[in-house]
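*Asks:* Okay, handing you the structure first.
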Amino acid sequence: MIRLTTRFWVDAYLARLRVNDIAAFVVAHGDDTAGAVLVKSATLDGQAKLYQRSYDFLEDTRVWAILSEGDERDVDASIAKQRQFDSDIWVLEVEDREGRTLLGEQGLQ
């Protein structure tokens, strides 16, 4: 199975968000080839969710699982902890009052 580089996926994801008028930023640039990706969804009210791509063995598919959610400061602390373990990790921040991330859409899983 051919895998996309992380950089290609990140660029495509950010483009899809822009098309849908959803603000997003690269907070931490990870390894271009195979870095893991964390997506923080900030609803601009002090709350946030942090998504991490995982593998669902029962369904044999990749899914975006919530790694942390709640107060944005706590989610940011979770990100800092993850970055201590993996310096090659990408961190993307999506800012949308409705909490849209588009992660469930075709091609982004």
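The chains in the structure tokens are called A, B, ... from first to last as shown; in each chain the residues are counted from 1, and the ligands are counted from 1 in the order shown.
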Please list as a compact mmCIF listing (two decimals) with C-alpha atoms, in the first residue's frame every residue within 10 Å of A:Asp74, counting only C-alpha atoms and excluding residues in the same chain fewer than 6 positions away.
*Replies:*
```txt
# COMPACT_ATOMS: atom_id res chain seq x y z
CA GLN A 47 -12.59 24.84 25.12
CA ALA A 48 -10.69 22.50 22.80
CA LYS A 49 -10.31 18.92 21.62
CA SER A 68 -7.74 15.15 25.18
CA ALA A 80 3.36 19.78 25.34
```
*Asks:* Within 6 Å of stretch 28-37 of chain A, counting only C-alpha atoms, which residues show up once you throw out same-chain ones fewer than 5 positions away? Write them as a VMD selection string, please.
*Replies:* chain A and resid 5 to 7 88 to 91
*Asks:* Using DSSP secondary structure from the backbone, list all strand (DSSP E) positions within chain A, as number ranges by chain.
*Replies:* A: 23-28, 37-42, 47-56, 61-71, 90-95
*Asks:* Those residues you just picked out, can you put them in a file as an mmCIF file, in the first residue's frame with N, CA and C atoms?
*Replies:*
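File written: out11.cif
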```cif
data_model
loop_
_atom_site.group_PDB
_atom_site.id
_atom_site.type_symbol
_atom_site.label_atom_id
_atom_site.label_comp_id
_atom_site.auth_asym_id
_atom_site.auth_seq_id
_atom_site.Cartn_x
_atom_site.Cartn_y
_atom_site.Cartn_z
ATOM 1 N N ALA A 23 -10.277 28.445 9.732
ATOM 2 C CA ALA A 23 -8.906 28.876 10.022
ATOM 3 C C ALA A 23 -8.104 27.720 10.608
ATOM 4 N N ALA A 24 -6.860 27.585 10.144
ATOM 5 C CA ALA A 24 -5.984 26.533 10.664
ATOM 6 C C ALA A 24 -4.534 26.982 10.539
ATOM 7 N N PHE A 25 -3.722 26.514 11.471
ATOM 8 C CA PHE A 25 -2.325 26.926 11.535
ATOM 9 C C PHE A 25 -1.445 25.733 11.892
ATOM 10 N N VAL A 26 -0.219 25.747 11.386
ATOM 11 C CA VAL A 26 0.780 24.762 11.799
ATOM 12 C C VAL A 26 1.451 25.341 13.037
ATOM 13 N N VAL A 27 1.253 24.697 14.166
ATOM 14 C CA VAL A 27 1.840 25.145 15.430
ATOM 15 C C VAL A 27 3.223 24.545 15.611
ATOM 16 N N ALA A 28 3.380 23.296 15.168
ATOM 17 C CA ALA A 28 4.674 22.620 15.236
ATOM 18 C C ALA A 28 4.860 21.808 13.966
ATOM 19 N N VAL A 37 0.647 13.253 13.488
ATOM 20 C CA VAL A 37 -0.082 14.520 13.440
ATOM 21 C C VAL A 37 -1.084 14.592 14.593
ATOM 22 N N LEU A 38 -1.059 15.707 15.305
ATOM 23 C CA LEU A 38 -2.083 16.028 16.296
ATOM 24 C C LEU A 38 -2.871 17.207 15.744
ATOM 25 N N VAL A 39 -4.188 17.154 15.869
ATOM 26 C CA VAL A 39 -5.042 18.253 15.428
ATOM 27 C C VAL A 39 -5.804 18.771 16.642
ATOM 28 N N LYS A 40 -5.543 20.034 16.960
ATOM 29 C CA LYS A 40 -6.257 20.695 18.056
ATOM 30 C C LYS A 40 -7.407 21.486 17.452
ATOM 31 N N SER A 41 -8.595 21.252 17.962
ATOM 32 C CA SER A 41 -9.782 21.977 17.529
ATOM 33 C C SER A 41 -10.181 22.934 18.644
ATOM 34 N N ALA A 42 -9.980 24.225 18.396
ATOM 35 C CA ALA A 42 -10.324 25.255 19.384
ATOM 36 C C ALA A 42 -11.611 25.943 18.950
ATOM 37 N N GLN A 47 -12.510 26.294 25.177
ATOM 38 C CA GLN A 47 -12.592 24.837 25.118
ATOM 39 C C GLN A 47 -11.866 24.325 23.869
ATOM 40 N N ALA A 48 -11.402 23.088 23.939
ATOM 41 C CA ALA A 48 -10.695 22.503 22.800
ATOM 42 C C ALA A 48 -10.742 20.985 22.864
ATOM 43 N N LYS A 49 -10.466 20.368 21.725
ATOM 44 C CA LYS A 49 -10.312 18.922 21.619
ATOM 45 C C LYS A 49 -9.016 18.663 20.881
ATOM 46 N N LEU A 50 -8.356 17.585 21.255
ATOM 47 C CA LEU A 50 -7.118 17.192 20.604
ATOM 48 C C LEU A 50 -7.315 15.815 19.986
ATOM 49 N N TYR A 51 -7.095 15.731 18.674
ATOM 50 C CA TYR A 51 -7.278 14.486 17.937
ATOM 51 C C TYR A 51 -5.935 13.895 17.554
ATOM 52 N N GLN A 52 -5.881 12.561 17.613
ATOM 53 C CA GLN A 52 -4.702 11.823 17.191
ATOM 54 C C GLN A 52 -5.155 10.704 16.269
ATOM 55 N N ARG A 53 -4.425 10.496 15.211
ATOM 56 C CA ARG A 53 -4.780 9.439 14.273
ATOM 57 C C ARG A 53 -4.388 8.095 14.872
ATOM 58 N N SER A 54 -5.353 7.186 14.900
ATOM 59 C CA SER A 54 -5.147 5.865 15.481
ATOM 60 C C SER A 54 -5.622 4.810 14.492
ATOM 61 N N TYR A 55 -5.352 3.585 14.831
ATOM 62 C CA TYR A 55 -5.798 2.473 13.994
ATOM 63 C C TYR A 55 -6.853 1.678 14.751
ATOM 64 N N ASP A 56 -8.001 1.478 14.125
ATOM 65 C CA ASP A 56 -9.081 0.690 14.707
ATOM 66 C C ASP A 56 -8.945 -0.733 14.177
ATOM 67 N N THR A 61 -9.382 0.061 9.980
ATOM 68 C CA THR A 61 -9.317 1.382 9.370
ATOM 69 C C THR A 61 -8.578 2.353 10.289
ATOM 70 N N ARG A 62 -8.180 3.460 9.718
ATOM 71 C CA ARG A 62 -7.600 4.550 10.506
ATOM 72 C C ARG A 62 -8.731 5.462 10.951
ATOM 73 N N VAL A 63 -8.650 5.930 12.183
ATOM 74 C CA VAL A 63 -9.667 6.820 12.739
ATOM 75 C C VAL A 63 -8.970 7.964 13.482
ATOM 76 N N TRP A 64 -9.692 9.048 13.653
ATOM 77 C CA TRP A 64 -9.202 10.159 14.463
ATOM 78 C C TRP A 64 -9.846 10.030 15.835
ATOM 79 N N ALA A 65 -9.034 9.727 16.834
ATOM 80 C CA ALA A 65 -9.516 9.542 18.200
ATOM 81 C C ALA A 65 -9.217 10.786 19.027
ATOM 82 N N ILE A 66 -10.099 11.088 19.956
ATOM 83 C CA ILE A 66 -9.878 12.227 20.853
ATOM 84 C C ILE A 66 -8.859 11.817 21.910
ATOM 85 N N LEU A 67 -7.766 12.543 21.944
ATOM 86 C CA LEU A 67 -6.690 12.287 22.902
ATOM 87 C C LEU A 67 -6.906 13.083 24.188
ATOM 88 N N SER A 68 -7.503 14.279 24.035
ATOM 89 C CA SER A 68 -7.739 15.149 25.178
ATOM 90 C C SER A 68 -8.857 16.122 24.800
ATOM 91 N N GLU A 69 -9.659 16.531 25.795
ATOM 92 C CA GLU A 69 -10.676 17.547 25.538
ATOM 93 C C GLU A 69 -11.018 18.263 26.823
ATOM 94 N N GLY A 70 -11.498 19.487 26.669
ATOM 95 C CA GLY A 70 -11.876 20.280 27.830
ATOM 96 C C GLY A 70 -11.290 21.669 27.736
ATOM 97 N N ASP A 71 -10.845 22.184 28.882
ATOM 98 C CA ASP A 71 -10.247 23.505 28.938
ATOM 99 C C ASP A 71 -9.046 23.576 27.996
ATOM 100 N N TRP A 90 3.755 16.627 14.296
ATOM 101 C CA TRP A 90 3.117 17.830 13.773
ATOM 102 C C TRP A 90 1.977 18.224 14.719
ATOM 103 N N VAL A 91 1.790 19.519 14.922
ATOM 104 C CA VAL A 91 0.645 20.006 15.681
ATOM 105 C C VAL A 91 -0.048 21.051 14.815
ATOM 106 N N LEU A 92 -1.314 20.786 14.504
ATOM 107 C CA LEU A 92 -2.126 21.710 13.724
ATOM 108 C C LEU A 92 -3.234 22.240 14.622
ATOM 109 N N GLU A 93 -3.502 23.522 14.529
ATOM 110 C CA GLU A 93 -4.596 24.104 15.310
ATOM 111 C C GLU A 93 -5.672 24.592 14.353
ATOM 112 N N VAL A 94 -6.877 24.096 14.573
ATOM 113 C CA VAL A 94 -8.042 24.488 13.784
ATOM 114 C C VAL A 94 -8.917 25.346 14.681
ATOM 115 N N GLU A 95 -9.285 26.522 14.208
ATOM 116 C CA GLU A 95 -10.115 27.429 15.001
ATOM 117 C C GLU A 95 -11.456 27.617 14.312
#
```
*Asks:* When distances are computed from only C-alpha atoms, which of A:Gln84, A:Phe8, A:Glu72, A:Thr43 shows the smallest separation from A:Ile22?
*Replies:*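 Smallest distance to A:Ile22 is found for A:Thr43.
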*Asks:* Tell me which of A:Ile79, A:Leu102, A:Leu58, A:Leu44 sits closest to A:Asn20, counting only C-alpha atoms.
*Replies:* A:Leu102
*Asks:* Give me, as a PyMOL selection string, the residues of stretch 8-76 of chain A that a backbone DSSP run labels helix (DSSP H, G or I).
*Replies:* chain A and resi 8-19+72-76
*Asks:* Take the residues from that selection and write them out as an mmCIF file, in the first residue's frame, keeping N, CA and C atoms.
*Replies:*
```cif
data_model
loop_
_atom_site.group_PDB
_atom_site.id
_atom_site.type_symbol
_atom_site.label_atom_id
_atom_site.label_comp_id
_atom_site.auth_asym_id
_atom_site.auth_seq_id
_atom_site.Cartn_x
_atom_site.Cartn_y
_atom_site.Cartn_z
ATOM 1 N N PHE A 8 2.587 16.065 2.672
ATOM 2 C CA PHE A 8 1.569 16.100 1.619
ATOM 3 C C PHE A 8 0.181 16.101 2.238
ATOM 4 N N TRP A 9 -0.036 15.216 3.234
ATOM 5 C CA TRP A 9 -1.333 15.143 3.893
ATOM 6 C C TRP A 9 -1.666 16.471 4.587
ATOM 7 N N VAL A 10 -0.698 17.028 5.316
ATOM 8 C CA VAL A 10 -0.919 18.291 6.031
ATOM 9 C C VAL A 10 -1.283 19.402 5.047
ATOM 10 N N ASP A 11 -0.543 19.508 3.959
ATOM 11 C CA ASP A 11 -0.842 20.545 2.966
ATOM 12 C C ASP A 11 -2.242 20.368 2.384
ATOM 13 N N ALA A 12 -2.623 19.139 2.075
ATOM 14 C CA ALA A 12 -3.955 18.875 1.525
ATOM 15 C C ALA A 12 -5.045 19.188 2.555
ATOM 16 N N TYR A 13 -4.806 18.829 3.810
ATOM 17 C CA TYR A 13 -5.773 19.105 4.876
ATOM 18 C C TYR A 13 -5.974 20.609 5.063
ATOM 19 N N LEU A 14 -4.879 21.352 5.117
ATOM 20 C CA LEU A 14 -4.975 22.798 5.285
ATOM 21 C C LEU A 14 -5.702 23.436 4.095
ATOM 22 N N ALA A 15 -5.467 22.930 2.897
ATOM 23 C CA ALA A 15 -6.160 23.445 1.715
ATOM 24 C C ALA A 15 -7.658 23.173 1.810
ATOM 25 N N ARG A 16 -8.028 21.969 2.264
ATOM 26 C CA ARG A 16 -9.447 21.631 2.403
ATOM 27 C C ARG A 16 -10.111 22.525 3.439
ATOM 28 N N LEU A 17 -9.421 22.808 4.527
ATOM 29 C CA LEU A 17 -9.970 23.709 5.543
ATOM 30 C C LEU A 17 -10.157 25.117 4.976
ATOM 31 N N ARG A 18 -9.167 25.611 4.226
ATOM 32 C CA ARG A 18 -9.277 26.955 3.633
ATOM 33 C C ARG A 18 -10.481 27.051 2.705
ATOM 34 N N VAL A 19 -10.710 26.021 1.898
ATOM 35 C CA VAL A 19 -11.847 26.010 0.972
ATOM 36 C C VAL A 19 -13.164 26.135 1.734
ATOM 37 N N GLU A 72 -8.963 24.643 27.222
ATOM 38 C CA GLU A 72 -7.902 24.755 26.214
ATOM 39 C C GLU A 72 -6.510 24.688 26.834
ATOM 40 N N ARG A 73 -6.345 25.222 28.021
ATOM 41 C CA ARG A 73 -5.034 25.147 28.687
ATOM 42 C C ARG A 73 -4.639 23.710 28.983
ATOM 43 N N ASP A 74 -5.613 22.885 29.364
ATOM 44 C CA ASP A 74 -5.325 21.471 29.627
ATOM 45 C C ASP A 74 -4.966 20.735 28.337
ATOM 46 N N VAL A 75 -5.655 21.073 27.265
ATOM 47 C CA VAL A 75 -5.350 20.463 25.964
ATOM 48 C C VAL A 75 -3.946 20.879 25.524
ATOM 49 N N ASP A 76 -3.601 22.142 25.723
ATOM 50 C CA ASP A 76 -2.250 22.599 25.383
ATOM 51 C C ASP A 76 -1.192 21.866 26.209
#
```
